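See structure below.
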Amino acid sequence: MFFSFNESLGPPYHVLVDTNFINFAIKNKLDIYASMMDCLLAKATPCITDCVMGELEKLGTSETKGASPCRIALRMAKDPRFKRITCMCRGTYADDCLVQMVQQHRCYIVATCDKELKQRIRKVPGVPIMYISNRRFTIERMPEAFGAPR
């Protein structure tokens with residue numbers, strides 16, 4: 001059913017990660033890399049765009065000193081297991097960048113907890129959405145995955 005819409009999606013999965021998804025994963029004490037593999041039952045590569053990285057850097061420097069969640073998220077995003085994707089949009093809103101990437105290349109899963117971004121991604125056919133629910137990663141529009149709602 002799902003692959004009739006999108007045949008370019010298969011393991012190893014490339015997951016575009018949003019800023020608030022990283023922050024929610026930190027608040028729920030979830031390891032992003034391991035939890036993605038548990039949810040998808042396959043190898044997953046978290047990908048982060050330049051716009052999301054810029055947003056994390058902006059949030060990390062605007063807060064007070066100490067181990068704030070945004071600083072931890074920035075350190076986590078600089079992990080070598082995260083694949084860095086250069087985008088052509090110059091300093092735009094990170095959500096617009098993610099939607100544009102997904103519309104151009106439908107080989108990504110989008111990981112976000114933002115309701116407005118989820119609504120925008122749902123309008124693009126064949127793109128699964130990963131989010132955090134009940135302290136675990138869940139995926140919608142991908143029925144064969146373990147984290148898919150029943």
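By convention in this document, the chains of the structure tokens carry letters A, B, ... by their order, each chain's residues are numbered from 1, and ligands are numbered from 1 in the order they are shown.
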| field | chain A: residues DSSP assigns to helix (DSSP H, G or I), reported as JSON, numbers by chain | value | {"A": [2, 3, 4, 19, 20, 21, 22, 23, 24, 25, 26, 27, 32, 33, 34, 35, 36, 37, 38, 39, 40, 50, 51, 52, 53, 54, 55, 56, 57, 58, 59, 60, 61, 62, 69, 70, 71, 72, 73, 74, 75, 76, 77, 94, 95, 96, 97, 98, 99, 100, 101, 102, 103, 104, 115, 116, 117, 118, 119, 120, 121, 122]}
| message | Could you list, as a PyMOL selection string, every residue within 10 Å of region 40-46 of chain A, counting only C-alpha atoms and ignoring same-chain residues fewer than 3 positions away? | response | chain A and resi 10-17+32-37+77+81-84+108-111+130+137-139+142+144-148
Residue selection dump (N, CA, C and O atoms) as a compact mmCIF listing (two decimals), in the first residue's frame:
```
# COMPACT_ATOMS: atom_id res chain seq x y z
N GLY A 10 13.43 3.09 1.38
CA GLY A 10 13.76 1.74 1.84
C GLY A 10 15.00 1.80 2.71
O GLY A 10 15.70 2.81 2.76
N PRO A 11 15.28 0.70 3.42
CA PRO A 11 16.44 0.70 4.31
C PRO A 11 17.74 0.82 3.52
O PRO A 11 17.79 0.29 2.42
N PRO A 12 18.74 1.49 4.00
CA PRO A 12 18.78 2.29 5.23
C PRO A 12 18.00 3.59 5.06
O PRO A 12 18.15 4.28 4.07
N TYR A 13 17.15 3.88 6.03
CA TYR A 13 16.28 5.04 5.97
C TYR A 13 17.05 6.32 6.30
O TYR A 13 17.91 6.32 7.17
N HIS A 14 16.71 7.38 5.61
CA HIS A 14 17.26 8.71 5.90
C HIS A 14 16.16 9.52 6.56
O HIS A 14 15.09 9.72 5.97
N VAL A 15 16.41 9.98 7.78
CA VAL A 15 15.40 10.67 8.57
C VAL A 15 15.80 12.13 8.75
O VAL A 15 16.83 12.41 9.37
N LEU A 16 15.01 13.05 8.20
CA LEU A 16 15.25 14.48 8.39
C LEU A 16 14.75 14.87 9.77
O LEU A 16 13.57 14.68 10.09
N VAL A 17 15.62 15.40 10.59
CA VAL A 17 15.30 15.70 11.99
C VAL A 17 15.05 17.20 12.15
O VAL A 17 15.81 18.02 11.66
N ILE A 32 18.50 9.17 20.17
CA ILE A 32 17.88 9.33 18.86
C ILE A 32 18.27 8.18 17.93
O ILE A 32 17.42 7.58 17.28
N TYR A 33 19.53 7.86 17.87
CA TYR A 33 20.01 6.87 16.92
C TYR A 33 19.42 5.48 17.23
O TYR A 33 18.88 4.81 16.35
N ALA A 34 19.49 5.05 18.47
CA ALA A 34 18.99 3.72 18.86
C ALA A 34 17.47 3.65 18.76
O ALA A 34 16.92 2.64 18.31
N SER A 35 16.78 4.72 19.17
CA SER A 35 15.32 4.71 19.13
C SER A 35 14.78 4.69 17.70
O SER A 35 13.74 4.08 17.44
N MET A 36 15.49 5.34 16.77
CA MET A 36 15.08 5.29 15.37
C MET A 36 15.19 3.87 14.83
O MET A 36 14.30 3.40 14.12
N MET A 37 16.27 3.21 15.16
CA MET A 37 16.44 1.84 14.68
C MET A 37 15.41 0.90 15.32
O MET A 37 14.93 -0.02 14.67
N ALA A 77 23.55 17.14 17.71
CA ALA A 77 23.44 17.31 16.26
C ALA A 77 24.81 17.30 15.58
O ALA A 77 24.91 16.99 14.39
N ARG A 81 27.42 10.61 13.63
CA ARG A 81 26.40 9.70 13.11
C ARG A 81 25.30 10.47 12.38
O ARG A 81 24.56 9.88 11.60
N PHE A 82 25.17 11.78 12.64
CA PHE A 82 24.20 12.61 11.94
C PHE A 82 24.80 13.02 10.60
O PHE A 82 25.92 13.50 10.54
N LYS A 83 24.03 12.85 9.54
CA LYS A 83 24.49 13.26 8.21
C LYS A 83 24.07 14.72 8.00
O LYS A 83 22.92 15.07 8.19
N ARG A 84 25.01 15.55 7.62
CA ARG A 84 24.75 16.97 7.40
C ARG A 84 24.36 17.18 5.94
O ARG A 84 25.07 16.76 5.04
N TYR A 108 13.01 10.74 2.08
CA TYR A 108 13.23 11.02 3.49
C TYR A 108 12.00 10.71 4.33
O TYR A 108 10.87 10.79 3.86
N ILE A 109 12.26 10.38 5.60
CA ILE A 109 11.23 10.35 6.63
C ILE A 109 11.45 11.63 7.43
O ILE A 109 12.59 12.00 7.70
N VAL A 110 10.41 12.34 7.79
CA VAL A 110 10.55 13.58 8.54
C VAL A 110 10.24 13.32 10.01
O VAL A 110 9.19 12.79 10.35
N ALA A 111 11.18 13.68 10.89
CA ALA A 111 11.02 13.51 12.33
C ALA A 111 10.73 14.87 12.95
O ALA A 111 11.60 15.74 12.97
N MET A 130 7.76 10.85 11.57
CA MET A 130 8.14 10.24 12.84
C MET A 130 7.94 11.28 13.93
O MET A 130 8.28 12.45 13.75
N PHE A 137 9.51 6.58 19.98
CA PHE A 137 9.31 7.10 18.64
C PHE A 137 8.18 6.33 17.97
O PHE A 137 8.09 5.12 18.07
N THR A 138 7.33 7.06 17.27
CA THR A 138 6.21 6.49 16.55
C THR A 138 6.24 7.03 15.13
O THR A 138 6.69 8.15 14.91
N ILE A 139 5.79 6.22 14.20
CA ILE A 139 5.81 6.66 12.81
C ILE A 139 4.42 6.49 12.21
O ILE A 139 3.72 5.52 12.52
N MET A 142 3.45 4.51 7.54
CA MET A 142 4.41 3.47 7.19
C MET A 142 4.01 2.21 7.94
O MET A 142 4.53 1.95 9.02
N GLU A 144 4.44 -1.03 7.87
CA GLU A 144 5.27 -2.18 8.22
C GLU A 144 6.28 -1.89 9.32
O GLU A 144 7.01 -2.76 9.75
N ALA A 145 6.33 -0.67 9.83
CA ALA A 145 7.28 -0.31 10.88
C ALA A 145 6.72 -0.72 12.26
O ALA A 145 5.52 -0.75 12.47
N PHE A 146 7.62 -0.98 13.18
CA PHE A 146 7.25 -1.41 14.53
C PHE A 146 6.52 -0.32 15.29
O PHE A 146 5.58 -0.56 16.01
N GLY A 147 6.95 0.93 15.12
CA GLY A 147 6.37 2.04 15.86
C GLY A 147 5.09 2.57 15.26
O GLY A 147 4.52 3.52 15.76
N ALA A 148 4.61 1.96 14.17
CA ALA A 148 3.40 2.45 13.53
C ALA A 148 2.19 2.24 14.44
O ALA A 148 2.05 1.18 15.04
```
| query | Of the residues A:Leu98, A:Ile121, A:Cys39, A:Leu9, which is the one nearest to Ser133 (chain A), using only C-alpha atoms? | reply |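 That would be A:Cys39, the residue with the smallest distance to Ser133 (chain A).
If you look at CA of Phe24 (chain A) and CA of Ile132 (chain A), they are 7.5 Å away from each other.
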| query | Which residue, A:Leu30, A:Met101, A:Met53, A:Leu59, has the smallest gap to Asp79 (chain A) when you use only C-alpha atoms? | reply |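 The closest residue to Asp79 (chain A) is A:Met53.
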| message | What's the separation between CA of Asn23 (chain A) and CA of Arg136 (chain A), in Å to one decimal place? | response |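 Computing the Euclidean distance for CA of Asn23 (chain A) and CA of Arg136 (chain A) yields 13.7 Å.
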| query | Where does DSSP see strand (DSSP E) in region 32-85 of chain A, if you list the residues as a list of chain:residue names? | reply | A:Ala44, A:Thr45, A:Pro46, A:Cys47, A:Ile48, A:Thr49, A:Lys83, A:Arg84, A:Ile85
Go ahead and dump the residues you just picked, all heavy atoms, as a PDB file, in the first residue's frame.
```pdb
ATOM      1  N   ALA A  44      18.919   3.327  10.337  1.00  0.00           N
ATOM      2  CA  ALA A  44      18.405   4.667  10.062  1.00  0.00           C
ATOM      3  C   ALA A  44      19.534   5.678  10.217  1.00  0.00           C
ATOM      4  O   ALA A  44      20.326   5.584  11.144  1.00  0.00           O
ATOM      5  CB  ALA A  44      17.273   5.010  11.015  1.00  0.00           C
ATOM      6  N   THR A  45      19.597   6.610   9.302  1.00  0.00           N
ATOM      7  CA  THR A  45      20.594   7.669   9.356  1.00  0.00           C
ATOM      8  C   THR A  45      19.890   8.984   9.640  1.00  0.00           C
ATOM      9  O   THR A  45      19.154   9.493   8.787  1.00  0.00           O
ATOM     10  CB  THR A  45      21.349   7.780   8.019  1.00  0.00           C
ATOM     11  OG1 THR A  45      21.887   6.508   7.682  1.00  0.00           O
ATOM     12  CG2 THR A  45      22.469   8.806   8.104  1.00  0.00           C
ATOM     13  N   PRO A  46      20.085   9.563  10.836  1.00  0.00           N
ATOM     14  CA  PRO A  46      19.493  10.880  11.086  1.00  0.00           C
ATOM     15  C   PRO A  46      20.209  11.938  10.250  1.00  0.00           C
ATOM     16  O   PRO A  46      21.437  11.984  10.207  1.00  0.00           O
ATOM     17  CB  PRO A  46      19.713  11.109  12.577  1.00  0.00           C
ATOM     18  CG  PRO A  46      20.481   9.960  13.090  1.00  0.00           C
ATOM     19  CD  PRO A  46      20.769   9.024  11.981  1.00  0.00           C
ATOM     20  N   CYS A  47      19.440  12.761   9.563  1.00  0.00           N
ATOM     21  CA  CYS A  47      19.987  13.821   8.710  1.00  0.00           C
ATOM     22  C   CYS A  47      19.534  15.165   9.256  1.00  0.00           C
ATOM     23  O   CYS A  47      18.411  15.308   9.726  1.00  0.00           O
ATOM     24  CB  CYS A  47      19.492  13.660   7.280  1.00  0.00           C
ATOM     25  SG  CYS A  47      19.865  12.072   6.542  1.00  0.00           S
ATOM     26  N   ILE A  48      20.431  16.138   9.165  1.00  0.00           N
ATOM     27  CA  ILE A  48      20.106  17.473   9.662  1.00  0.00           C
ATOM     28  C   ILE A  48      20.516  18.497   8.607  1.00  0.00           C
ATOM     29  O   ILE A  48      21.600  18.414   8.044  1.00  0.00           O
ATOM     30  CB  ILE A  48      20.780  17.722  11.025  1.00  0.00           C
ATOM     31  CG1 ILE A  48      20.239  18.966  11.687  1.00  0.00           C
ATOM     32  CG2 ILE A  48      22.278  17.762  10.920  1.00  0.00           C
ATOM     33  CD1 ILE A  48      20.470  19.003  13.164  1.00  0.00           C
ATOM     34  N   THR A  49      19.607  19.421   8.300  1.00  0.00           N
ATOM     35  CA  THR A  49      19.895  20.432   7.282  1.00  0.00           C
ATOM     36  C   THR A  49      20.627  21.617   7.907  1.00  0.00           C
ATOM     37  O   THR A  49      20.673  21.772   9.126  1.00  0.00           O
ATOM     38  CB  THR A  49      18.597  20.928   6.618  1.00  0.00           C
ATOM     39  OG1 THR A  49      17.795  21.562   7.608  1.00  0.00           O
ATOM     40  CG2 THR A  49      17.834  19.807   5.966  1.00  0.00           C
ATOM     41  N   LYS A  83      24.034  12.854   9.537  1.00  0.00           N
ATOM     42  CA  LYS A  83      24.485  13.265   8.214  1.00  0.00           C
ATOM     43  C   LYS A  83      24.071  14.716   7.998  1.00  0.00           C
ATOM     44  O   LYS A  83      22.916  15.068   8.189  1.00  0.00           O
ATOM     45  CB  LYS A  83      23.858  12.365   7.156  1.00  0.00           C
ATOM     46  CG  LYS A  83      24.291  12.676   5.757  1.00  0.00           C
ATOM     47  CD  LYS A  83      23.620  11.721   4.785  1.00  0.00           C
ATOM     48  CE  LYS A  83      23.978  12.085   3.365  1.00  0.00           C
ATOM     49  NZ  LYS A  83      23.238  11.249   2.420  1.00  0.00           N
ATOM     50  N   ARG A  84      25.013  15.550   7.624  1.00  0.00           N
ATOM     51  CA  ARG A  84      24.748  16.970   7.398  1.00  0.00           C
ATOM     52  C   ARG A  84      24.357  17.177   5.945  1.00  0.00           C
ATOM     53  O   ARG A  84      25.068  16.756   5.040  1.00  0.00           O
ATOM     54  CB  ARG A  84      26.005  17.763   7.748  1.00  0.00           C
ATOM     55  CG  ARG A  84      25.857  19.252   7.694  1.00  0.00           C
ATOM     56  CD  ARG A  84      25.193  19.772   8.944  1.00  0.00           C
ATOM     57  NE  ARG A  84      25.062  21.203   8.894  1.00  0.00           N
ATOM     58  CZ  ARG A  84      25.838  22.047   9.535  1.00  0.00           C
ATOM     59  NH1 ARG A  84      26.812  21.605  10.278  1.00  0.00           N
ATOM     60  NH2 ARG A  84      25.640  23.335   9.432  1.00  0.00           N
ATOM     61  N   ILE A  85      23.215  17.801   5.713  1.00  0.00           N
ATOM     62  CA  ILE A  85      22.717  18.055   4.361  1.00  0.00           C
ATOM     63  C   ILE A  85      22.752  19.551   4.102  1.00  0.00           C
ATOM     64  O   ILE A  85      22.191  20.335   4.875  1.00  0.00           O
ATOM     65  CB  ILE A  85      21.279  17.523   4.191  1.00  0.00           C
ATOM     66  CG1 ILE A  85      21.266  16.017   4.384  1.00  0.00           C
ATOM     67  CG2 ILE A  85      20.728  17.895   2.830  1.00  0.00           C
ATOM     68  CD1 ILE A  85      19.888  15.418   4.347  1.00  0.00           C
TER      69      ILE A  85
END
```
